[in-house]
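Undergrad: Contents of upload.tsv (TSV, C-alpha atoms) are below:
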chain	number	residue	atom	x	y	z
A	1	MET	CA	-28.79	-36.39	16.60
A	2	ARG	CA	-31.37	-34.98	19.02
A	3	SER	CA	-33.25	-37.29	21.38
A	4	SER	CA	-36.60	-36.52	19.71
A	5	MET	CA	-35.22	-37.55	16.31
A	6	ARG	CA	-33.81	-40.78	17.74
A	7	LEU	CA	-37.22	-41.53	19.22
A	8	LEU	CA	-38.85	-41.20	15.80
A	9	ASN	CA	-36.45	-43.71	14.27
A	10	LEU	CA	-36.94	-46.40	16.96
A	11	GLU	CA	-38.93	-49.45	15.97
A	12	VAL	CA	-40.58	-52.11	18.19
A	13	VAL	CA	-41.70	-55.55	17.08
A	14	THR	CA	-44.84	-56.82	18.83
A	15	PRO	CA	-45.14	-60.62	19.07
A	16	LEU	CA	-48.92	-60.51	18.64
A	17	GLN	CA	-49.06	-58.58	15.42
A	18	GLY	CA	-45.75	-59.74	14.00
A	19	SER	CA	-45.19	-56.40	12.19
A	20	THR	CA	-43.03	-53.35	12.73
A	21	THR	CA	-44.83	-50.54	14.58
A	22	ARG	CA	-43.52	-47.06	15.40
A	23	TYR	CA	-44.18	-45.10	18.55
A	24	VAL	CA	-46.07	-42.38	16.64
A	25	CYS	CA	-48.25	-42.47	13.59
A	26	SER	CA	-46.93	-41.48	10.19
A	27	THR	CA	-48.89	-38.23	10.11
A	28	CYS	CA	-47.54	-37.04	13.44
A	29	ARG	CA	-44.06	-38.19	12.48
A	30	GLN	CA	-44.07	-36.20	9.22
A	31	GLU	CA	-45.41	-33.10	10.94
A	32	ALA	CA	-42.85	-33.34	13.75
A	33	ARG	CA	-39.84	-33.55	11.47
A	34	PRO	CA	-38.44	-30.19	10.29
A	35	ARG	CA	-39.23	-29.48	6.67
A	36	PRO	CA	-36.56	-28.30	4.21
A	37	PHE	CA	-36.48	-24.60	3.50
A	38	VAL	CA	-36.94	-25.07	-0.25
A	39	ALA	CA	-40.02	-27.22	0.21
A	40	ARG	CA	-41.64	-24.61	2.43
A	41	GLN	CA	-40.89	-21.94	-0.15
A	42	PHE	CA	-42.58	-23.91	-2.91
A	43	LEU	CA	-45.58	-24.64	-0.73
A	44	ARG	CA	-45.87	-21.00	0.19
A	45	HIS	CA	-45.84	-19.80	-3.43
A	46	ALA	CA	-47.53	-22.80	-5.00
A	47	SER	CA	-50.59	-20.77	-5.94
A	48	ASP	CA	-48.50	-17.95	-7.44
A	49	ASN	CA	-46.00	-19.75	-9.67
A	50	ASN	CA	-46.63	-17.43	-12.64
A	51	THR	CA	-45.26	-14.40	-10.75
A	52	PRO	CA	-41.54	-13.76	-11.45
A	53	ILE	CA	-39.10	-14.14	-8.61
A	54	THR	CA	-38.15	-10.45	-8.83
A	55	GLU	CA	-41.76	-9.40	-8.34
A	56	ARG	CA	-42.10	-11.71	-5.35
A	57	VAL	CA	-38.96	-10.25	-3.81
A	58	ARG	CA	-40.29	-6.73	-4.40
A	59	ARG	CA	-43.57	-7.60	-2.72
A	60	LYS	CA	-41.74	-9.07	0.22
A	61	LEU	CA	-39.59	-5.95	0.62
A	62	TRP	CA	-42.62	-3.66	0.59
A	63	GLY	CA	-44.78	-6.04	2.64
A	64	THR	CA	-47.75	-5.85	0.29
A	65	ASP	CA	-49.07	-7.57	-2.83
A	66	ASN	CA	-49.38	-4.20	-4.59
A	67	PRO	CA	-46.02	-2.46	-4.11
A	68	PRO	CA	-45.59	1.05	-5.54
A	69	GLY	CA	-43.55	1.76	-8.64
A	70	LEU	CA	-43.31	0.07	-12.02
A	71	LYS	CA	-44.67	-3.39	-12.55
A	72	ASP	CA	-41.33	-4.70	-13.81
A	73	PRO	CA	-38.54	-2.36	-12.60
A	74	TYR	CA	-35.80	-4.94	-13.20
A	75	GLY	CA	-35.86	-4.94	-17.01
A	76	GLY	CA	-38.03	-7.87	-18.02
A	77	GLU	CA	-36.88	-11.46	-18.13
A	78	GLY	CA	-33.70	-12.44	-16.40
A	79	VAL	CA	-30.71	-14.25	-17.87
A	80	PHE	CA	-31.86	-17.69	-16.80
A	81	GLU	CA	-35.43	-17.12	-17.99
A	82	LYS	CA	-34.20	-16.03	-21.42
A	83	LYS	CA	-31.81	-18.95	-21.62
A	84	PHE	CA	-34.38	-21.56	-20.65
A	85	GLY	CA	-37.01	-19.89	-22.84
A	86	LYS	CA	-34.79	-20.13	-25.96
A	87	ALA	CA	-33.89	-23.70	-25.09
A	88	SER	CA	-37.55	-24.65	-24.80
A	89	MET	CA	-38.39	-22.95	-28.12
A	90	ALA	CA	-35.54	-24.74	-29.89
A	91	LYS	CA	-36.69	-28.03	-28.42
A	92	GLN	CA	-40.21	-27.49	-29.66
A	93	GLY	CA	-38.98	-26.36	-33.09
A	94	GLY	CA	-40.63	-22.98	-32.81
A	95	ALA	CA	-39.47	-19.75	-34.49
A	96	PRO	CA	-39.84	-16.08	-33.58
A	97	GLU	CA	-43.30	-14.77	-34.25
A	98	ASN	CA	-42.08	-11.50	-35.74
A	99	GLY	CA	-40.39	-11.89	-39.13
A	100	GLU	CA	-38.61	-8.55	-38.79
A	101	ASP	CA	-36.89	-9.71	-35.59
A	102	ALA	CA	-35.68	-12.81	-37.40
A	103	GLU	CA	-34.20	-10.70	-40.20
A	104	ASN	CA	-32.42	-8.43	-37.70
A	105	GLN	CA	-31.03	-11.44	-35.87
A	106	ALA	CA	-29.73	-12.97	-39.12
A	107	ALA	CA	-28.17	-9.67	-40.16
A	108	ALA	CA	-26.51	-9.29	-36.77
A	109	GLU	CA	-25.04	-12.79	-37.03
A	110	SER	CA	-23.69	-12.07	-40.51
A	111	GLY	CA	-22.11	-8.78	-39.35
A	112	ASP	CA	-23.86	-6.54	-41.88
A	113	VAL	CA	-25.54	-4.24	-39.35
A	114	ALA	CA	-23.47	-1.26	-38.24
A	115	GLU	CA	-23.92	2.15	-36.72
A	116	GLU	CA	-25.64	4.54	-39.12
A	117	VAL	CA	-27.85	7.59	-39.23
A	118	ILE	CA	-31.10	7.24	-41.14
A	119	ASP	CA	-33.05	10.46	-41.82
A	120	GLY	CA	-31.32	12.21	-38.94
A	121	GLU	CA	-32.14	9.42	-36.48
A	122	TYR	CA	-29.34	7.64	-34.66
A	123	VAL	CA	-29.37	3.85	-34.98
A	124	PRO	CA	-27.04	2.03	-32.55
A	125	ALA	CA	-24.76	-0.64	-33.96
A	126	THR	CA	-25.15	-4.26	-32.96
A	127	THR	CA	-21.78	-5.48	-34.30
A	128	TRP	CA	-18.31	-4.00	-34.83
A	129	GLU	CA	-18.46	-4.15	-38.63
A	130	GLY	CA	-18.07	-0.73	-40.23
A	131	LEU	CA	-17.16	1.09	-37.02
A	132	ASP	CA	-14.05	3.24	-36.62
A	133	ARG	CA	-11.30	1.38	-34.81
A	134	ILE	CA	-9.45	3.03	-31.91
A	135	GLY	CA	-5.91	2.02	-31.07
A	136	HIS	CA	-3.04	0.41	-32.91
A	137	LEU	CA	-3.90	-2.06	-35.67
A	138	GLY	CA	-0.80	-4.21	-35.20
A	139	GLU	CA	1.76	-5.00	-32.53
A	140	TRP	CA	2.82	-1.81	-30.75
A	141	THR	CA	6.12	-3.43	-29.79
A	142	ASP	CA	7.13	-3.48	-33.46
A	143	LEU	CA	7.08	0.32	-33.70
A	144	PRO	CA	10.34	2.24	-33.15
A	145	PRO	CA	10.52	4.33	-29.93
A	146	ASN	CA	9.84	8.04	-30.10
A	147	SER	CA	10.48	10.98	-27.80
A	148	GLU	CA	7.34	10.33	-25.76
A	149	ASP	CA	8.54	6.84	-24.86
A	150	ALA	CA	11.70	8.08	-23.12
A	151	PHE	CA	11.68	7.76	-19.33
A	152	THR	CA	13.93	9.56	-16.88
A	153	SER	CA	13.87	8.49	-13.26
A	154	PHE	CA	13.01	11.17	-10.71
A	155	SER	CA	15.57	9.95	-8.17
A	156	SER	CA	19.08	8.63	-8.58
A	157	ASN	CA	17.91	5.07	-7.67
A	158	ARG	CA	20.30	5.04	-4.73
A	159	ARG	CA	19.34	5.13	-1.07
A	160	LEU	CA	21.58	6.95	1.39
A	161	ASN	CA	21.99	5.47	4.87
A	162	LYS	CA	25.19	6.99	6.30
A	163	PRO	CA	24.77	10.19	8.37
A	164	GLY	CA	27.57	11.92	6.44
A	165	HIS	CA	25.95	11.28	3.08
A	166	LEU	CA	22.57	12.44	4.38
A	167	ALA	CA	24.18	15.65	5.65
A	168	LEU	CA	25.79	16.19	2.23
A	169	ALA	CA	22.39	15.79	0.55
A	170	ALA	CA	20.78	18.28	2.94
A	171	HIS	CA	23.64	20.77	2.49
A	172	GLN	CA	23.44	20.53	-1.30
A	173	THR	CA	19.68	21.04	-1.19
A	174	ALA	CA	20.02	24.11	1.02
A	175	VAL	CA	22.65	25.71	-1.24
A	176	GLU	CA	20.60	25.01	-4.38
A	177	LEU	CA	17.41	26.50	-2.91
A	178	CYS	CA	19.29	29.59	-1.73
A	179	LEU	CA	20.59	30.09	-5.27
A	180	MET	CA	17.18	29.53	-6.84
A	181	GLN	CA	15.57	31.97	-4.42
A	182	SER	CA	18.21	34.65	-5.08
A	183	LEU	CA	17.62	34.25	-8.85
A	184	ASN	CA	13.80	34.46	-8.40
A	185	LYS	CA	13.27	31.06	-10.03
A	186	PRO	CA	10.76	28.36	-9.05
A	187	LEU	CA	12.33	26.43	-6.20
A	188	ALA	CA	11.05	23.02	-7.29
A	189	SER	CA	12.58	23.40	-10.78
A	190	ILE	CA	15.95	22.33	-9.35
A	191	CYS	CA	14.58	18.76	-9.43
A	192	GLU	CA	14.98	18.80	-13.21
A	193	VAL	CA	18.67	18.02	-12.57
A	194	VAL	CA	19.09	14.65	-10.92
A	195	GLU	CA	22.84	14.92	-10.30
A	196	HIS	CA	25.56	17.51	-10.97
A	197	GLU	CA	28.95	16.87	-12.46
A	198	LYS	CA	31.93	16.77	-10.10
A	199	PRO	CA	33.20	20.37	-10.75
A	200	VAL	CA	29.72	21.77	-10.07
A	201	PHE	CA	29.28	19.69	-6.95
A	202	LYS	CA	32.69	20.82	-5.66
A	203	LEU	CA	31.60	24.45	-5.98
A	204	ILE	CA	28.43	23.70	-4.01
A	205	TYR	CA	30.42	21.76	-1.40
A	206	ASN	CA	32.69	24.76	-0.70
A	207	CYS	CA	29.73	27.07	0.00
A	208	LYS	CA	28.57	27.69	3.55
A	209	ILE	CA	25.22	28.45	5.14
A	210	GLN	CA	25.14	31.13	7.82
A	211	PRO	CA	23.37	29.86	10.95
A	212	LYS	CA	19.95	31.29	11.82
A	213	SER	CA	19.60	33.31	8.63
A	214	ALA	CA	16.87	33.74	6.04
A	215	TRP	CA	16.99	31.72	2.85
A	216	ASP	CA	17.68	34.72	0.60
A	217	SER	CA	20.72	35.85	2.63
A	218	ALA	CA	22.03	32.63	4.19
A	219	LEU	CA	24.40	31.55	1.39
A	220	GLU	CA	28.10	32.44	1.78
A	221	TYR	CA	30.49	31.90	-1.17
A	222	PRO	CA	34.19	31.11	-0.65
A	223	ASP	CA	35.21	33.58	-3.39
A	224	LYS	CA	33.87	35.70	-6.24
A	225	GLU	CA	34.74	33.13	-8.92
A	226	THR	CA	32.62	30.46	-7.23
A	227	GLU	CA	29.69	32.88	-6.98
A	228	ASP	CA	29.85	33.86	-10.65
A	229	ALA	CA	30.16	30.23	-11.78
A	230	LEU	CA	27.20	29.00	-9.70
A	231	VAL	CA	25.01	31.94	-10.73
A	232	PHE	CA	25.77	31.28	-14.39
A	233	ILE	CA	25.09	27.53	-14.05
A	234	PHE	CA	21.83	27.88	-12.13
A	235	LYS	CA	20.51	30.46	-14.59
A	236	GLN	CA	20.52	27.68	-17.18
A	237	ILE	CA	18.20	25.44	-15.17
A	238	GLY	CA	14.88	25.26	-16.93
A	239	ALA	CA	16.30	26.10	-20.36
A	240	GLN	CA	16.26	23.68	-23.28
A	241	GLU	CA	20.03	23.21	-23.45
A	242	THR	CA	20.57	22.82	-19.73
A	243	GLU	CA	22.88	19.82	-19.74
A	244	GLN	CA	25.07	20.93	-22.63
A	245	SER	CA	25.56	24.56	-21.59
A	246	ALA	CA	25.83	24.18	-17.82
A	247	GLY	CA	27.70	20.93	-17.57
A	248	ILE	CA	24.89	19.29	-15.58
A	249	SER	CA	24.26	15.58	-15.83
A	250	ALA	CA	20.95	13.84	-15.30
A	251	ASN	CA	22.46	10.36	-15.14
A	252	ALA	CA	23.99	8.75	-12.08
A	253	GLU	CA	25.97	6.16	-14.08
A	254	THR	CA	28.89	6.31	-16.49
A	255	GLU	CA	29.95	3.82	-19.13
A	256	GLU	CA	33.41	2.37	-19.30
A	257	ASP	CA	34.04	-0.05	-22.17
A	258	GLY	CA	30.28	-0.54	-22.61
A	259	ILE	CA	29.74	-1.46	-18.92
A	260	ALA	CA	27.63	0.78	-16.67
A	261	VAL	CA	29.58	1.83	-13.58
A	262	LYS	CA	27.92	3.58	-10.66
A	263	LYS	CA	29.54	6.75	-9.38
A	264	PRO	CA	30.45	6.91	-5.68
A	265	PHE	CA	28.14	8.85	-3.42
A	266	PHE	CA	28.91	12.56	-3.77
A	267	PHE	CA	32.16	11.79	-5.63
A	268	GLY	CA	33.87	10.37	-2.55
A	269	TYR	CA	33.03	13.16	-0.07
A	270	GLN	CA	32.11	11.75	3.32
A	271	ASP	CA	30.73	14.70	5.31
A	272	VAL	CA	30.05	18.43	5.22
A	273	LYS	CA	32.44	21.18	6.32
A	274	ASP	CA	29.99	23.00	8.56
A	275	LYS	CA	26.45	22.41	9.77
A	276	GLY	CA	24.97	25.87	9.63
A	277	PHE	CA	22.31	24.63	7.22
A	278	LEU	CA	20.62	22.72	10.07
A	279	THR	CA	19.22	25.98	11.47
A	280	LEU	CA	17.33	26.95	8.32
A	281	SER	CA	13.60	27.25	8.85
A	282	LEU	CA	11.00	25.31	6.88
A	283	SER	CA	7.94	27.12	8.20
A	284	ASP	CA	7.08	28.38	4.71
A	285	PRO	CA	5.02	25.68	2.92
A	286	ALA	CA	6.53	26.36	-0.52
A	287	THR	CA	10.08	26.20	0.80
A	288	LYS	CA	9.32	23.03	2.78
A	289	PHE	CA	7.81	21.35	-0.26
A	290	ALA	CA	10.79	22.23	-2.46
A	291	PHE	CA	13.33	21.15	0.16
A	292	LEU	CA	11.66	17.80	0.88
A	293	LYS	CA	11.19	17.08	-2.81
A	294	ARG	CA	14.82	17.78	-3.67
A	295	PHE	CA	16.14	16.00	-0.57
A	296	SER	CA	14.02	12.93	-1.39
A	297	GLN	CA	15.42	12.97	-4.91
A	298	LEU	CA	19.02	13.04	-3.70
A	299	SER	CA	18.70	10.67	-0.74
A	300	GLY	CA	16.05	8.19	-1.92
A	301	HIS	CA	13.98	8.66	1.28
A	302	TYR	CA	10.36	9.77	1.26
A	303	PHE	CA	8.34	11.40	4.01
A	304	PRO	CA	4.83	10.44	5.18
A	305	ASP	CA	2.22	13.13	5.66
A	306	PRO	CA	2.29	13.13	9.51
A	307	ALA	CA	6.08	13.66	9.44
A	308	ILE	CA	5.77	16.50	6.92
A	309	GLU	CA	3.28	18.30	9.15
A	310	SER	CA	5.61	18.19	12.17
A	311	ILE	CA	8.81	19.29	10.35
A	312	THR	CA	9.75	22.95	10.84
A	313	SER	CA	13.54	22.97	10.23
A	314	VAL	CA	16.25	21.19	8.29
A	315	LYS	CA	17.51	19.64	11.52
A	316	GLN	CA	14.19	17.85	11.99
A	317	VAL	CA	14.42	16.48	8.45
A	318	LEU	CA	17.76	14.83	9.18
A	319	GLY	CA	16.55	13.69	12.59
A	320	HIS	CA	13.57	11.92	11.04
A	321	ILE	CA	15.69	10.14	8.42
A	322	LEU	CA	18.40	9.15	10.92
A	323	LYS	CA	15.74	7.67	13.18
A	324	GLU	CA	14.23	5.70	10.31
A	325	THR	CA	17.60	4.39	9.10
A	326	ALA	CA	18.87	3.44	12.57
A	327	PRO	CA	19.33	-0.34	12.93
A	328	LYS	CA	16.32	-1.88	14.57
A	329	PRO	CA	16.90	-4.22	17.55
A	330	LYS	CA	16.43	-7.87	16.75
A	331	LYS	CA	14.78	-8.74	20.07
A	332	LEU	CA	11.77	-7.18	21.74
A	333	ALA	CA	13.62	-6.83	25.06
A	334	GLU	CA	16.32	-4.74	23.41
A	335	HIS	CA	13.68	-2.51	21.86
A	336	LEU	CA	11.91	-2.05	25.20
A	337	LEU	CA	15.17	-1.42	27.07
A	338	ALA	CA	15.92	1.42	24.64
A	339	ASN	CA	12.61	3.10	25.47
A	340	ASP	CA	13.31	5.84	28.01
A	341	THR	CA	9.62	6.25	28.84
A	342	LEU	CA	9.30	2.66	30.06
A	343	GLN	CA	12.57	2.82	31.97
A	344	SER	CA	11.40	5.88	33.90
A	345	LEU	CA	8.25	4.17	35.22
A	346	PRO	CA	8.71	3.07	38.87
A	347	ASN	CA	6.46	0.01	38.60
A	348	VAL	CA	7.90	-1.42	35.37
A	349	LYS	CA	10.99	-3.62	35.07
A	350	ILE	CA	12.30	-5.06	31.83
A	351	PHE	CA	14.65	-8.03	31.70
A	352	ALA	CA	16.43	-9.48	28.69
A	353	LYS	CA	16.02	-13.06	29.98
A	354	ARG	CA	13.28	-15.01	31.66
A	355	GLN	CA	13.21	-14.43	35.40
A	356	LYS	CA	13.15	-17.41	37.74
A	357	PRO	CA	12.73	-17.59	41.55
A	358	TRP	CA	16.49	-17.79	42.10
A	359	HIS	CA	16.88	-14.48	40.24
A	360	LYS	CA	14.68	-12.83	42.85
A	361	ASP	CA	16.64	-14.53	45.65
A	362	GLU	CA	19.85	-13.25	44.15
A	363	GLU	CA	18.43	-9.74	43.82
A	364	LEU	CA	17.31	-9.68	47.45
A	365	GLY	CA	20.67	-11.08	48.69
A	366	ARG	CA	19.43	-14.36	50.12
A	367	LYS	CA	20.76	-16.75	47.47
A	368	LYS	CA	23.98	-17.47	49.42
A	369	LEU	CA	22.02	-18.22	52.59
A	370	ILE	CA	19.75	-20.67	50.76
A	371	ASP	CA	22.71	-22.43	49.11
A	372	ARG	CA	24.56	-22.77	52.43
A	373	GLU	CA	21.50	-24.24	54.15
A	374	LEU	CA	20.95	-26.72	51.33
A	375	ARG	CA	24.59	-27.89	51.56
A	376	ARG	CA	24.34	-28.23	55.34
A	377	ARG	CA	21.37	-30.55	54.98
A	378	GLY	CA	23.13	-32.50	52.27
A	379	LEU	CA	20.59	-31.67	49.59
A	380	VAL	CA	23.10	-29.95	47.32
A	381	SER	CA	26.60	-31.19	46.51
A	382	ARG	CA	29.71	-29.07	46.40
A	383	LYS	CA	29.20	-28.57	42.67
A	384	GLY	CA	25.76	-27.11	43.26
A	385	ASN	CA	23.73	-30.06	41.97
A	386	LEU	CA	20.78	-31.56	43.78
A	387	GLU	CA	21.44	-35.03	45.18
Just give me the structure as structure tokens.
TA:
Amino acid sequence: MRSSMRLLNLEVVTPLQGSTTRYVCSTCRQEARPRPFVARQFLRHASDNNTPITERVRRKLWGTDNPPGLKDPYGGEGVFEKKFGKASMAKQGGAPENGEDAENQAAAESGDVAEEVIDGEYVPATTWEGLDRIGHLGEWTDLPPNSEDAFTSFSSNRRLNKPGHLALAAHQTAVELCLMQSLNKPLASICEVVEHEKPVFKLIYNCKIQPKSAWDSALEYPDKETEDALVFIFKQIGAQETEQSAGISANAETEEDGIAVKKPFFFGYQDVKDKGFLTLSLSDPATKFAFLKRFSQLSGHYFPDPAIESITSVKQVLGHILKETAPKPKKLAEHLLANDTLQSLPNVKIFAKRQKPWHKDEELGRKKLIDRELRRRGLVSRKGNLE
């Protein structure tokens, strides 16, 4: 409490008068004490109690008693005014003055009023009776599934982390896009096939990508049979009977005795035969979009927008994913020690442990001298403990 407030509350008893007297009179004491905010508001607007609060706020915003605009721009009485007005009317036993309003209110409560057109004039409905219902009338879960309810995952729901598997995904994507481009088909339509069967994947695995070549001439087949088979299979992509005619599977799981079993990554293959696909360019936006979309579908990794802008080759795609999947150091010191930029600074040193004064003595080569002097004075025992 402030000193002035404590002074107002002090009382002194005079022996002559025998009564309690304060230091200041009651009028001065009441004027000196701070008044509540609500009381001041009521005193300020005591002569204007009939004006709604919204009108008073509007006048205060404009700074005048005659603000421009409509007299009641806020839509008449507020929620509280209507509520208290009805409560006061019910208490007094009053009824609505207009008999037509009473009939409309009774009809609305009974649910007989609905949307209708009278003599070409639109009359809005006040209840839901008679209106057309939108949506299902019962439980939608009771209906049998239809073709629209089927859902096929975009990716194979498996995330690749090993460098060999990531290289296999990039190699498969490069071969597929080369085939789609040679057949003049939309590049992104290859994503309609989530995963190939093993014979088809083996054909793709045996293909090679010539280094530093264009997409339309970079693919090299091991033999003529492989070329004819892949061309025939990829011509079916986008057709209605793709899976049945081309032997392509959109599921990454098989069922053995009613139990779902996941297939191994790339049917047991661990790495690619050659890495000529790393030199393919992704400067074309359409080719980059198709490659990243297909690679994300096969690998389970997605690319942020800043990374997409900086990628210009397949090698950078793998570099970004390998950097993201690399094991993060558990300690901050290990993370800082791995930063070549900090290590190259001449005025920055990073230590894995807390440095003490004896570490500096040991670094400068004077630790042995200090220990020998302490033993000579008898301050340190032979074991190195202080006595």
Undergrad: Quick one: axis-aligned box around all listed atoms of segment 193-208 of chain A, 5 Å on every side, centre and edge lengths in Å to one decimal, written as AutoDock Vina command-line options.
TA:
--center_x 25.9 --center_y 21.2 --center_z -4.5 --size_x 24.5 --size_y 23.0 --size_z 26.1
Undergrad: Find the distance between atom CA of Lys323 of chain A and atom CA of Ser296 of chain A and write it in Å to one decimal.
TA: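 Those two atoms sit 15.6 Å apart.
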Undergrad: Report the distance between atom CA of Leu282 of chain A and atom CA of Ala167 of chain A in Å, rounded to one decimal place.
TA: 16.4 Å
Undergrad: Which residues are close to Ser213 of chain A, i.e. within 12 Å by only C-alpha atoms, leaving aside same-chain residues fewer than 2 positions away? Reply as a VMD selection string.
TA: chain A and resid 174 178 208 to 211 215 to 220 276 to 282
Undergrad: Could you give me, as a compact mmCIF listing (two decimals) with C-alpha atoms, in the coordinates of the input, the residues within 7 Å of Lys367 of chain A, counting only C-alpha atoms and dropping anything in the same chain fewer than 5 positions from it?
TA:
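Result written to result_39.txt:
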# COMPACT_ATOMS: atom_id res chain seq x y z
CA TRP A 358 16.49 -17.79 42.10
CA ASP A 361 16.64 -14.53 45.65
CA GLU A 362 19.85 -13.25 44.15
Undergrad: Hey, can you check how far atom CA of Leu166 of chain A sits from atom CA of Ser299 of chain A?
TA: 6.7 Å
Undergrad: Which protein, DNA or RNA residues have an atom at most 9 Å from (26.3, 13.7, 1.7), counting all atoms listed in the file? List them as a list in words.
TA: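 It turns out the residues near that spot are Leu160, Lys162, Pro163, Gly164, His165, Leu166, Ala167, Leu168, Ala169, Ala170, His171, Gln172, Phe265, Phe266, Tyr269, Gln270, Asp271, Val272 and Ser299 of chain A.
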Undergrad: Tell me which protein, DNA and RNA residues are within 10 Å of Gln297 of chain A, counting only C-alpha atoms, leaving out same-chain ones fewer than 4 positions away, and put them as a list in words.
TA: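 The neighbour list is Ser153, Phe154, Ser155, Ser156, Asn157, Arg158, Arg159, Ala169, Thr173, Cys191, Val193, Val194, Glu195, Phe291, Leu292, Lys293, His301 and Tyr302 of chain A.
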Undergrad: For those residues, write C-alpha atoms to a file as an mmCIF file, keeping the file's coordinate frame.
TA:
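The resulting part-v1.cif:
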data_model
loop_
_atom_site.group_PDB
_atom_site.id
_atom_site.type_symbol
_atom_site.label_atom_id
_atom_site.label_comp_id
_atom_site.auth_asym_id
_atom_site.auth_seq_id
_atom_site.Cartn_x
_atom_site.Cartn_y
_atom_site.Cartn_z
ATOM 1 C CA SER A 153 13.870 8.490 -13.260
ATOM 2 C CA PHE A 154 13.010 11.170 -10.710
ATOM 3 C CA SER A 155 15.570 9.950 -8.170
ATOM 4 C CA SER A 156 19.080 8.630 -8.580
ATOM 5 C CA ASN A 157 17.910 5.070 -7.670
ATOM 6 C CA ARG A 158 20.300 5.040 -4.730
ATOM 7 C CA ARG A 159 19.340 5.130 -1.070
ATOM 8 C CA ALA A 169 22.390 15.790 0.550
ATOM 9 C CA THR A 173 19.680 21.040 -1.190
ATOM 10 C CA CYS A 191 14.580 18.760 -9.430
ATOM 11 C CA VAL A 193 18.670 18.020 -12.570
ATOM 12 C CA VAL A 194 19.090 14.650 -10.920
ATOM 13 C CA GLU A 195 22.840 14.920 -10.300
ATOM 14 C CA PHE A 291 13.330 21.150 0.160
ATOM 15 C CA LEU A 292 11.660 17.800 0.880
ATOM 16 C CA LYS A 293 11.190 17.080 -2.810
ATOM 17 C CA HIS A 301 13.980 8.660 1.280
ATOM 18 C CA TYR A 302 10.360 9.770 1.260
#
Undergrad: So that I can see what lies close to Lys198 of chain A, please list as a ChimeraX atom specification the residues with an atom at most 9 Å from it, counting only C-alpha atoms and leaving out residues fewer than 4 positions away in the same chain.
TA: /A:202-203,266-267
Undergrad: Just checking: using only C-alpha atoms, which residue out of A:Ala286, A:Leu131, A:Ile350, A:Leu332 ends up closest to Leu177 of chain A?
TA: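 The shortest atom-to-atom distance to Leu177 of chain A comes from A:Ala286.
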Undergrad: Counting all atoms listed in the file, what is within 10 Å of segment 324-330 of chain A, bar same-chain residues fewer than 3 positions away, as a list in words?
TA: Leu160, Asn161, Lys162, Pro163, His301, Leu318, Gly319, His320, Ile321, Ala333, Glu334, His335, Leu336 and Ala338 of chain A
